[in-house]
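Novice: Next up is a structure, given as structure tokens.
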Amino acid sequence: SFRAARKRGLVVNFGAVGGPVRDLDPIELGEAGSLFLTRPRLADHLPDGPTIRRRAADIFGGLLDEDLSIEIAGRYSLDNVEEAHAALEERRVVGKPVLDLP
């Protein structure tokens, strides 16, 4: 709901797992408080190799310095990869599932 955003807030549409938004009326953005709506694309934020390497270095540096952490939702072997997929599809995981390969 746009009404969950503050006035002049930014609403970001990402993921699009449920498919495209078909019935969006731009008037709703004004009526909900002069909102801004964006649909970011990864290619616009990572336009070239140097940018990708710089951002990856920031992420891995944060992990090594322990300024950034990743919550592991569970570990799965190749024998139970179906269980991992089911957990993702059914939205039963919070964090990142890890597939351990031999």
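Naming works like this for the structure tokens: A, B, ... for the chains as they're shown, residue 1 at the start of each chain, ligands 1 onward in shown order.
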Using only C-alpha atoms, which protein or nucleic acid residues come within 10 Å of Lys7 in chain A? Drop anything in the same chain fewer than 5 positions from it, and give the result as number ranges by chain.
Specialist: A: 2, 29-36
Novice: Could you pull the residues within 7 Å of range 73-81 of chain A, counting only C-alpha atoms, minus those fewer than 2 positions along the same chain, as a list in words?
Specialist: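 Once the nearby chain positions are removed, what remains is Glu71, Glu83, Ala84, His85, Val93, Val94, Gly95, Lys96, Pro97, Val98, Leu99, Asp100 and Leu101 of chain A.
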Novice: Taking the backbone alone, and naming residues the way the document does, which bits of chain A are strand (DSSP E) by DSSP, as a list in words?
Specialist: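 Everything in chain A that counts as strand (DSSP E) is Leu10, Val11, Val12, Phe36, Leu37, Thr38, Ile72, Ala73, Gly74, Arg75, Tyr76, Ser77, Lys96, Pro97, Val98, Leu99 and Asp100 of chain A.
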Novice: Among chain A, which ones does DSSP assign to helix (DSSP H, G or I) (computed from the backbone)? Answer as number ranges by chain.
Specialist: A: 2-4, 26-31, 42-45, 49-64, 78-89
Novice: Create the file for the chosen residues now, containing C-alpha atoms and written as a PDB file, in the first residue's frame.
Specialist:
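That gives us again.pdb:
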```
ATOM      1  CA  PHE A   2       1.301   3.427  -0.905  1.00  0.00           C
ATOM      2  CA  ARG A   3      -0.274   4.743   2.276  1.00  0.00           C
ATOM      3  CA  ALA A   4       2.417   2.920   4.268  1.00  0.00           C
ATOM      4  CA  PRO A  26       0.068   7.662 -11.210  1.00  0.00           C
ATOM      5  CA  ILE A  27      -2.626   9.779  -9.519  1.00  0.00           C
ATOM      6  CA  GLU A  28      -2.370   7.374  -6.551  1.00  0.00           C
ATOM      7  CA  LEU A  29       1.214   8.539  -5.952  1.00  0.00           C
ATOM      8  CA  GLY A  30       0.015  12.095  -5.414  1.00  0.00           C
ATOM      9  CA  GLU A  31      -2.990  11.138  -3.338  1.00  0.00           C
ATOM     10  CA  LEU A  42      20.866  -4.005 -11.711  1.00  0.00           C
ATOM     11  CA  ALA A  43      22.478  -3.129 -15.052  1.00  0.00           C
ATOM     12  CA  ASP A  44      21.997   0.582 -14.351  1.00  0.00           C
ATOM     13  CA  HIS A  45      23.813   0.321 -11.010  1.00  0.00           C
ATOM     14  CA  GLY A  49      33.634  -4.274 -14.811  1.00  0.00           C
ATOM     15  CA  PRO A  50      35.474  -1.709 -12.651  1.00  0.00           C
ATOM     16  CA  THR A  51      32.250  -0.754 -10.857  1.00  0.00           C
ATOM     17  CA  ILE A  52      31.399  -4.408 -10.216  1.00  0.00           C
ATOM     18  CA  ARG A  53      34.898  -5.119  -8.856  1.00  0.00           C
ATOM     19  CA  ARG A  54      34.838  -2.023  -6.612  1.00  0.00           C
ATOM     20  CA  ARG A  55      31.448  -2.885  -5.149  1.00  0.00           C
ATOM     21  CA  ALA A  56      32.391  -6.549  -4.690  1.00  0.00           C
ATOM     22  CA  ALA A  57      35.575  -5.458  -2.888  1.00  0.00           C
ATOM     23  CA  ASP A  58      33.457  -3.306  -0.556  1.00  0.00           C
ATOM     24  CA  ILE A  59      31.199  -6.252   0.268  1.00  0.00           C
ATOM     25  CA  PHE A  60      33.986  -8.776   0.813  1.00  0.00           C
ATOM     26  CA  GLY A  61      35.986  -6.209   2.781  1.00  0.00           C
ATOM     27  CA  GLY A  62      32.984  -5.649   5.060  1.00  0.00           C
ATOM     28  CA  LEU A  63      32.638  -9.395   5.584  1.00  0.00           C
ATOM     29  CA  LEU A  64      36.339  -9.769   6.416  1.00  0.00           C
ATOM     30  CA  LEU A  78      23.214 -32.041  -2.660  1.00  0.00           C
ATOM     31  CA  ASP A  79      21.076 -34.991  -1.529  1.00  0.00           C
ATOM     32  CA  ASN A  80      18.460 -32.647  -0.026  1.00  0.00           C
ATOM     33  CA  VAL A  81      18.569 -29.799  -2.548  1.00  0.00           C
ATOM     34  CA  GLU A  82      14.830 -30.312  -3.171  1.00  0.00           C
ATOM     35  CA  GLU A  83      14.187 -29.395   0.470  1.00  0.00           C
ATOM     36  CA  ALA A  84      16.231 -26.207   0.043  1.00  0.00           C
ATOM     37  CA  HIS A  85      14.229 -25.229  -3.048  1.00  0.00           C
ATOM     38  CA  ALA A  86      10.936 -25.967  -1.295  1.00  0.00           C
ATOM     39  CA  ALA A  87      11.942 -23.814   1.683  1.00  0.00           C
ATOM     40  CA  LEU A  88      12.735 -20.919  -0.660  1.00  0.00           C
ATOM     41  CA  GLU A  89       9.578 -21.321  -2.725  1.00  0.00           C
TER      42      GLU A  89
END
```
Novice: Looking at only C-alpha atoms, which of A:Glu66, A:Leu37, A:Asp23, A:Gly18 is the one that sits closest to Ala5 in chain A?
Specialist: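 Nearest to Ala5 in chain A: A:Leu37.
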Novice: Tell me which of A:Leu46, A:Glu90, A:Asp65, A:Arg39 sits closest to Val21 in chain A, counting only C-alpha atoms.
Specialist: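 Ranked by minimum distance to Val21 in chain A, first place goes to A:Arg39.
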Novice: One decimal, Å: what's the distance from CA of Val11 in chain A over to CA of Leu24 in chain A, could you say?
Specialist: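 Atom-to-atom, CA of Val11 in chain A and CA of Leu24 in chain A are spaced 12.7 Å apart.
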